[in-house]
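Have a look at entry16.csv; it's CSV, N, CA and C atoms:
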```csv
chain,number,residue,atom,x,y,z
A,1,LEU,N,0.8,-1.2,0.0
A,1,LEU,CA,0.0,0.0,0.0
A,1,LEU,C,0.9,1.2,0.0
A,2,VAL,N,0.4,2.2,-0.8
A,2,VAL,CA,1.1,3.5,-0.8
A,2,VAL,C,0.1,4.6,-0.7
A,3,PRO,N,0.5,5.8,-0.3
A,3,PRO,CA,-0.5,6.9,-0.2
A,3,PRO,C,-1.0,7.2,-1.6
A,4,GLY,N,-2.3,7.4,-1.7
A,4,GLY,CA,-3.0,7.6,-2.9
A,4,GLY,C,-2.5,8.8,-3.7
A,5,SER,N,-2.3,9.9,-3.0
A,5,SER,CA,-1.9,11.2,-3.7
A,5,SER,C,-0.5,11.0,-4.4
A,6,ALA,N,0.4,10.3,-3.7
A,6,ALA,CA,1.7,10.0,-4.3
A,6,ALA,C,1.6,9.1,-5.5
A,7,ALA,N,0.8,8.1,-5.4
A,7,ALA,CA,0.6,7.1,-6.5
A,7,ALA,C,0.0,7.8,-7.7
A,8,VAL,N,-1.0,8.6,-7.5
A,8,VAL,CA,-1.6,9.3,-8.6
A,8,VAL,C,-0.7,10.3,-9.2
A,9,ALA,N,0.0,11.0,-8.4
A,9,ALA,CA,1.0,12.0,-8.8
A,9,ALA,C,2.1,11.4,-9.7
A,10,GLU,N,2.5,10.2,-9.4
A,10,GLU,CA,3.5,9.5,-10.2
A,10,GLU,C,2.9,9.1,-11.5
A,11,LEU,N,1.7,8.6,-11.5
A,11,LEU,CA,1.0,8.1,-12.7
A,11,LEU,C,0.8,9.2,-13.7
A,12,ILE,N,0.5,10.4,-13.2
A,12,ILE,CA,0.2,11.5,-14.1
A,12,ILE,C,1.4,12.4,-14.4
A,13,GLY,N,2.6,12.1,-13.9
A,13,GLY,CA,3.8,12.9,-14.1
A,13,GLY,C,3.7,14.2,-13.5
A,14,LEU,N,3.2,14.3,-12.3
A,14,LEU,CA,3.1,15.6,-11.6
A,14,LEU,C,4.4,16.3,-11.4
A,15,ARG,N,5.5,15.6,-11.0
A,15,ARG,CA,6.7,16.3,-10.8
A,15,ARG,C,7.2,17.0,-12.1
A,16,GLU,N,7.1,16.3,-13.2
A,16,GLU,CA,7.5,16.9,-14.4
A,16,GLU,C,6.7,18.1,-14.8
A,17,ALA,N,5.4,18.0,-14.6
A,17,ALA,CA,4.4,19.1,-14.9
A,17,ALA,C,4.7,20.3,-14.0
A,18,VAL,N,4.9,20.1,-12.7
A,18,VAL,CA,5.2,21.2,-11.8
A,18,VAL,C,6.5,21.8,-12.2
A,19,ALA,N,7.5,21.0,-12.5
A,19,ALA,CA,8.8,21.6,-12.8
A,19,ALA,C,8.8,22.5,-14.0
A,20,ALA,N,7.8,22.3,-14.9
A,20,ALA,CA,7.7,23.1,-16.1
A,20,ALA,C,6.8,24.3,-15.9
A,21,ALA,N,6.2,24.4,-14.7
A,21,ALA,CA,5.2,25.5,-14.5
A,21,ALA,C,5.9,26.7,-13.7
A,22,SER,N,5.2,27.8,-13.8
A,22,SER,CA,5.7,29.0,-13.0
A,22,SER,C,4.8,29.1,-11.8
A,23,LEU,N,3.6,28.6,-11.8
A,23,LEU,CA,2.6,28.6,-10.7
A,23,LEU,C,1.7,27.4,-10.9
A,24,VAL,N,1.3,26.7,-9.8
A,24,VAL,CA,0.4,25.6,-9.8
A,24,VAL,C,-0.8,26.0,-8.9
A,25,VAL,N,-2.0,25.8,-9.3
A,25,VAL,CA,-3.2,26.0,-8.5
A,25,VAL,C,-3.8,24.6,-8.3
A,26,THR,N,-4.0,24.3,-7.0
A,26,THR,CA,-4.6,23.0,-6.7
A,26,THR,C,-5.8,23.3,-5.8
A,27,GLY,N,-6.7,22.3,-5.6
A,27,GLY,CA,-7.9,22.5,-4.9
A,27,GLY,C,-8.5,21.3,-4.2
A,28,GLU,N,-9.5,21.6,-3.4
A,28,GLU,CA,-10.2,20.5,-2.7
A,28,GLU,C,-11.5,21.1,-2.2
A,29,GLY,N,-12.5,20.2,-2.0
A,29,GLY,CA,-13.7,20.7,-1.5
A,29,GLY,C,-13.7,21.3,-0.1
A,30,SER,N,-13.0,20.6,0.8
A,30,SER,CA,-12.9,21.1,2.1
A,30,SER,C,-11.4,20.9,2.6
A,31,PHE,N,-10.7,21.9,2.9
A,31,PHE,CA,-9.3,21.8,3.3
A,31,PHE,C,-9.4,22.0,4.8
A,32,ASP,N,-9.0,21.0,5.6
A,32,ASP,CA,-9.1,21.1,7.1
A,32,ASP,C,-7.8,20.7,7.7
A,33,GLY,N,-7.8,20.5,9.0
A,33,GLY,CA,-6.6,20.2,9.8
A,33,GLY,C,-6.0,18.8,9.4
A,34,GLN,N,-6.8,17.9,8.8
A,34,GLN,CA,-6.3,16.6,8.4
A,34,GLN,C,-5.8,16.6,7.0
A,35,SER,N,-6.0,17.7,6.2
A,35,SER,CA,-5.6,17.7,4.8
A,35,SER,C,-4.1,17.6,4.6
A,36,ALA,N,-3.3,18.1,5.5
A,36,ALA,CA,-1.9,18.0,5.3
A,36,ALA,C,-1.3,16.6,5.5
A,37,ALA,N,-2.2,15.6,5.9
A,37,ALA,CA,-1.7,14.3,6.1
A,37,ALA,C,-2.1,13.4,4.9
A,38,GLY,N,-1.6,13.8,3.8
A,38,GLY,CA,-1.7,12.9,2.6
A,38,GLY,C,-2.8,13.2,1.6
A,39,LYS,N,-3.6,14.3,1.7
A,39,LYS,CA,-4.5,14.6,0.7
A,39,LYS,C,-3.8,15.3,-0.5
A,40,ALA,N,-4.4,15.3,-1.6
A,40,ALA,CA,-3.7,15.8,-2.8
A,40,ALA,C,-3.2,17.2,-2.8
A,41,PRO,N,-3.9,18.2,-2.3
A,41,PRO,CA,-3.3,19.5,-2.3
A,41,PRO,C,-2.0,19.6,-1.5
A,42,ALA,N,-1.9,19.0,-0.4
A,42,ALA,CA,-0.7,19.0,0.4
A,42,ALA,C,0.5,18.3,-0.3
A,43,HIS,N,0.2,17.2,-1.0
A,43,HIS,CA,1.2,16.6,-1.8
A,43,HIS,C,1.6,17.5,-3.0
A,44,VAL,N,0.7,18.1,-3.6
A,44,VAL,CA,1.1,19.1,-4.7
A,44,VAL,C,1.9,20.2,-4.1
A,45,ALA,N,1.6,20.7,-3.0
A,45,ALA,CA,2.4,21.8,-2.4
A,45,ALA,C,3.8,21.3,-2.1
A,46,ALA,N,4.0,20.0,-1.6
A,46,ALA,CA,5.3,19.5,-1.3
A,46,ALA,C,6.1,19.3,-2.6
A,47,VAL,N,5.5,18.9,-3.7
A,47,VAL,CA,6.2,18.7,-4.9
A,47,VAL,C,6.6,20.1,-5.5
A,48,GLY,N,5.7,21.1,-5.3
A,48,GLY,CA,6.1,22.5,-5.7
A,48,GLY,C,7.2,23.0,-4.9
A,49,ALA,N,7.2,22.8,-3.6
A,49,ALA,CA,8.3,23.2,-2.8
A,49,ALA,C,9.7,22.6,-3.2
A,50,GLU,N,9.6,21.3,-3.5
A,50,GLU,CA,10.9,20.6,-4.0
A,50,GLU,C,11.4,21.2,-5.3
A,51,ALA,N,10.4,21.7,-6.1
A,51,ALA,CA,10.8,22.2,-7.5
A,51,ALA,C,11.0,23.7,-7.4
A,52,GLY,N,10.7,24.3,-6.3
A,52,GLY,CA,10.9,25.8,-6.2
A,52,GLY,C,9.8,26.5,-7.0
A,53,VAL,N,8.6,25.9,-7.1
A,53,VAL,CA,7.5,26.5,-7.8
A,53,VAL,C,6.3,26.8,-6.8
A,54,ALA,N,5.8,28.0,-6.9
A,54,ALA,CA,4.7,28.4,-6.0
A,54,ALA,C,3.5,27.6,-6.3
A,55,VAL,N,2.8,27.2,-5.2
A,55,VAL,CA,1.5,26.5,-5.3
A,55,VAL,C,0.5,27.3,-4.5
A,56,ALA,N,-0.7,27.5,-5.2
A,56,ALA,CA,-1.8,28.2,-4.5
A,56,ALA,C,-2.9,27.2,-4.3
A,57,LEU,N,-3.7,27.4,-3.3
A,57,LEU,CA,-4.9,26.5,-2.9
A,57,LEU,C,-6.2,27.3,-3.1
A,58,VAL,N,-7.1,26.6,-3.8
A,58,VAL,CA,-8.5,27.1,-3.8
A,58,VAL,C,-9.3,25.9,-3.3
A,59,ALA,N,-10.1,26.2,-2.3
A,59,ALA,CA,-11.0,25.2,-1.6
A,59,ALA,C,-12.4,25.8,-1.4
A,60,GLY,N,-13.3,24.9,-1.5
A,60,GLY,CA,-14.7,25.3,-1.2
A,60,GLY,C,-14.8,25.9,0.2
A,61,ARG,N,-14.1,25.2,1.1
A,61,ARG,CA,-14.0,25.7,2.5
A,61,ARG,C,-12.6,25.4,3.1
A,62,ILE,N,-12.1,26.4,3.8
A,62,ILE,CA,-10.8,26.2,4.5
A,62,ILE,C,-11.2,26.4,6.0
A,63,SER,N,-11.0,25.3,6.8
A,63,SER,CA,-11.4,25.4,8.2
A,63,SER,C,-10.3,26.1,9.0
A,64,PRO,N,-10.7,26.7,10.1
A,64,PRO,CA,-9.7,27.4,10.9
A,64,PRO,C,-8.5,26.6,11.4
A,65,ASP,N,-8.7,25.3,11.5
A,65,ASP,CA,-7.5,24.5,12.0
A,65,ASP,C,-6.6,24.0,10.8
A,66,ALA,N,-6.9,24.5,9.6
A,66,ALA,CA,-6.1,24.0,8.5
A,66,ALA,C,-4.8,24.8,8.4
A,67,ASP,N,-3.7,24.1,8.1
A,67,ASP,CA,-2.4,24.6,7.9
A,67,ASP,C,-2.2,24.9,6.4
A,68,THR,N,-2.3,26.2,6.1
A,68,THR,CA,-2.1,26.6,4.7
A,68,THR,C,-0.7,27.2,4.5
A,69,SER,N,0.2,27.1,5.4
A,69,SER,CA,1.5,27.7,5.3
A,69,SER,C,2.3,27.2,4.2
A,70,GLY,N,2.0,26.0,3.6
A,70,GLY,CA,2.8,25.4,2.5
A,70,GLY,C,2.3,26.0,1.2
A,71,PHE,N,1.4,26.9,1.2
A,71,PHE,CA,0.9,27.5,-0.1
A,71,PHE,C,1.3,28.9,-0.2
A,72,ALA,N,1.6,29.4,-1.4
A,72,ALA,CA,1.9,30.8,-1.7
A,72,ALA,C,0.7,31.7,-1.4
A,73,ALA,N,-0.5,31.1,-1.6
A,73,ALA,CA,-1.7,31.9,-1.3
A,73,ALA,C,-2.8,30.8,-1.2
A,74,SER,N,-3.9,31.2,-0.5
A,74,SER,CA,-5.1,30.3,-0.4
A,74,SER,C,-6.4,31.1,-0.4
A,75,VAL,N,-7.4,30.5,-1.0
A,75,VAL,CA,-8.7,31.2,-1.1
A,75,VAL,C,-9.8,30.2,-0.9
A,76,SER,N,-10.7,30.6,0.0
A,76,SER,CA,-11.9,29.8,0.3
A,76,SER,C,-13.1,30.4,-0.5
A,77,LEU,N,-13.8,29.5,-1.3
A,77,LEU,CA,-15.0,30.0,-2.0
A,77,LEU,C,-16.1,30.4,-1.0
A,78,THR,N,-16.2,29.6,0.1
A,78,THR,CA,-17.2,30.0,1.1
A,78,THR,C,-17.0,31.4,1.6
A,79,GLU,N,-15.7,31.7,1.9
A,79,GLU,CA,-15.4,33.0,2.4
A,79,GLU,C,-15.7,34.1,1.4
A,80,LEU,N,-15.3,33.8,0.1
A,80,LEU,CA,-15.6,34.8,-0.9
A,80,LEU,C,-17.1,35.1,-1.1
A,81,ALA,N,-17.8,34.0,-1.1
A,81,ALA,CA,-19.3,34.1,-1.4
A,81,ALA,C,-20.1,34.5,-0.2
A,82,GLY,N,-19.5,34.4,1.0
A,82,GLY,CA,-20.2,34.8,2.2
A,82,GLY,C,-20.9,33.6,2.9
A,83,SER,N,-21.1,32.5,2.2
A,83,SER,CA,-21.7,31.3,2.9
A,83,SER,C,-21.4,30.1,1.9
A,84,SER,N,-21.5,28.9,2.5
A,84,SER,CA,-21.3,27.7,1.7
A,84,SER,C,-22.5,27.6,0.7
A,85,SER,N,-23.7,27.9,1.1
A,85,SER,CA,-24.8,27.8,0.2
A,85,SER,C,-24.7,28.7,-1.0
A,86,ALA,N,-24.2,29.9,-0.8
A,86,ALA,CA,-24.0,30.9,-1.9
A,86,ALA,C,-22.9,30.4,-2.8
A,87,ALA,N,-21.8,29.8,-2.2
A,87,ALA,CA,-20.7,29.3,-3.1
A,87,ALA,C,-21.2,28.1,-3.9
A,88,LEU,N,-22.0,27.2,-3.3
A,88,LEU,CA,-22.5,26.1,-4.1
A,88,LEU,C,-23.6,26.5,-5.1
A,89,ALA,N,-24.2,27.6,-4.9
A,89,ALA,CA,-25.3,28.0,-5.8
A,89,ALA,C,-24.7,28.6,-7.1
A,90,ASP,N,-23.5,29.1,-7.1
A,90,ASP,CA,-22.9,29.7,-8.3
A,90,ASP,C,-21.4,29.4,-8.3
A,91,PRO,N,-20.9,28.2,-8.4
A,91,PRO,CA,-19.5,27.9,-8.2
A,91,PRO,C,-18.6,28.5,-9.3
A,92,GLU,N,-19.1,28.7,-10.5
A,92,GLU,CA,-18.3,29.3,-11.6
A,92,GLU,C,-18.0,30.7,-11.2
A,93,ARG,N,-19.0,31.5,-10.7
A,93,ARG,CA,-18.7,32.8,-10.3
A,93,ARG,C,-17.6,32.9,-9.2
A,94,TRP,N,-17.7,32.0,-8.2
A,94,TRP,CA,-16.8,32.1,-7.1
A,94,TRP,C,-15.4,31.6,-7.5
A,95,LEU,N,-15.3,30.6,-8.4
A,95,LEU,CA,-14.0,30.1,-8.9
A,95,LEU,C,-13.3,31.2,-9.7
A,96,ARG,N,-14.1,32.0,-10.5
A,96,ARG,CA,-13.5,33.1,-11.2
A,96,ARG,C,-13.0,34.2,-10.2
A,97,ALA,N,-13.8,34.4,-9.2
A,97,ALA,CA,-13.4,35.4,-8.2
A,97,ALA,C,-12.1,34.9,-7.4
A,98,ALA,N,-12.0,33.6,-7.2
A,98,ALA,CA,-10.8,33.1,-6.5
A,98,ALA,C,-9.6,33.3,-7.4
A,99,GLY,N,-9.8,33.0,-8.7
A,99,GLY,CA,-8.7,33.2,-9.7
A,99,GLY,C,-8.2,34.7,-9.7
A,100,GLU,N,-9.2,35.6,-9.7
A,100,GLU,CA,-8.8,37.0,-9.6
A,100,GLU,C,-8.1,37.4,-8.3
A,101,ARG,N,-8.5,36.8,-7.2
A,101,ARG,CA,-7.9,37.1,-5.9
A,101,ARG,C,-6.4,36.6,-5.9
A,102,LEU,N,-6.3,35.4,-6.5
A,102,LEU,CA,-4.9,34.8,-6.5
A,102,LEU,C,-4.0,35.6,-7.5
A,103,ALA,N,-4.6,36.0,-8.6
A,103,ALA,CA,-3.8,36.8,-9.5
A,103,ALA,C,-3.3,38.1,-8.9
A,104,ARG,N,-4.1,38.7,-8.1
A,104,ARG,CA,-3.7,40.0,-7.4
A,104,ARG,C,-2.7,39.6,-6.3
A,105,ALA,N,-2.9,38.5,-5.6
A,105,ALA,CA,-2.0,38.2,-4.5
A,105,ALA,C,-0.6,37.7,-5.0
A,106,LEU,N,-0.6,37.1,-6.1
A,106,LEU,CA,0.7,36.5,-6.6
A,106,LEU,C,1.2,37.3,-7.8
```

Rewritten as structure tokens:
Amino acid sequence: LVPGSAAVAELIGLREAVAAASLVVTGEGSFDGQSAAGKAPAHVAAVGAEAGVAVALVAGRISPDADTSGFAASVSLTELAGSSSAALADPERWLRAAGERLARAL
């Protein structure tokens, strides 16, 4: 058995893709205190750090106990929209707003 995020990363050539990028944006529905323990965004951030490439996080929700220190920037769609129901009602709008916020921040 191996961690799923590492296995998928190897299968898709994540290290090579990250090395060729100037910025990587990764995401998750809910990023919380346990997300750093093997979920995909944390793995992407680690790969980015190894390659010297900035990684940004967009999540539907970022909980207060989440460690986002491994990301160059992070954006919560729920925070942008004002509530989870508003974010879910118009995800395209809030994803675009997240992209704009990241562009300004980075």

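Nearest residue to Ser30 of chain A, choosing from A:Ser5, A:Ser63, A:Thr78, A:Ser85 and counting all atoms listed in the file: A:Ser63.
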
Residues near segment 96-103 of chain A, cut-off 8 Å, only C-alpha atoms, skip fewer than 5 positions along chain, as a list in words = Ala56, Val58, Ala73, Ser74, Val75, Ser76, Leu77 and Leu80 of chain A

If you count all atoms listed in the file, which residues fall within 7 Å of Gly29 of chain A, apart from same-chain ones fewer than 5 positions away, as number ranges by chain?
-> A: 58-62

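Going from atom CA of Thr68 of chain A over to atom CA of Ala89 of chain A, you cover 25.5 Å.
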
Could you give me the residues within chain A that DSSP places in alpha helix (DSSP H), as a ChimeraX atom specification?
-> /A:4-12,14-19,40-51,77-81,84-89,91-105

Separation of atom N of Arg104 of chain A and atom CA of Ala45 of chain A, in Å?
-> 19.0 Å

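When atom CA of Val55 of chain A is paired with atom C of Ala87 of chain A, their separation reads 22.8 Å.
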
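If you measure from each of A:Ala6, A:Ala21, A:Leu1, A:Leu88 to His43 of chain A using only N, CA and C atoms, the closest one turns out to be A:Ala6.
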
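Ranking A:Ala72, A:Ser35, A:Gly4, A:Asp67 by their shortest atom-to-atom distance to Leu23 of chain A, with only C-alpha atoms included, puts A:Ala72 first.
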
In terms of the shortest atom-to-atom distance over only C-alpha atoms, which of A:Val25, A:Ala9, A:Ala86, A:Ala66 is closest to Val47 of chain A?
-> A:Ala9

Counting all atoms listed in the file, figure out which residue out of A:Ala49, A:Ile12, A:Leu57, A:Ala7 gets nearest to Thr26 of chain A.
-> A:Leu57

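Across A:Asp65, A:Ala46, A:Leu11, A:Ser22, the tightest approach to Gln34 of chain A is made by A:Asp65 when counting only C-alpha atoms.
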
Looking only at the backbone, which of the residues in segment 19-65 of chain A does DSSP tag as strand (DSSP E), as a PyMOL selection string?
-> chain A and resi 23-31+54-62
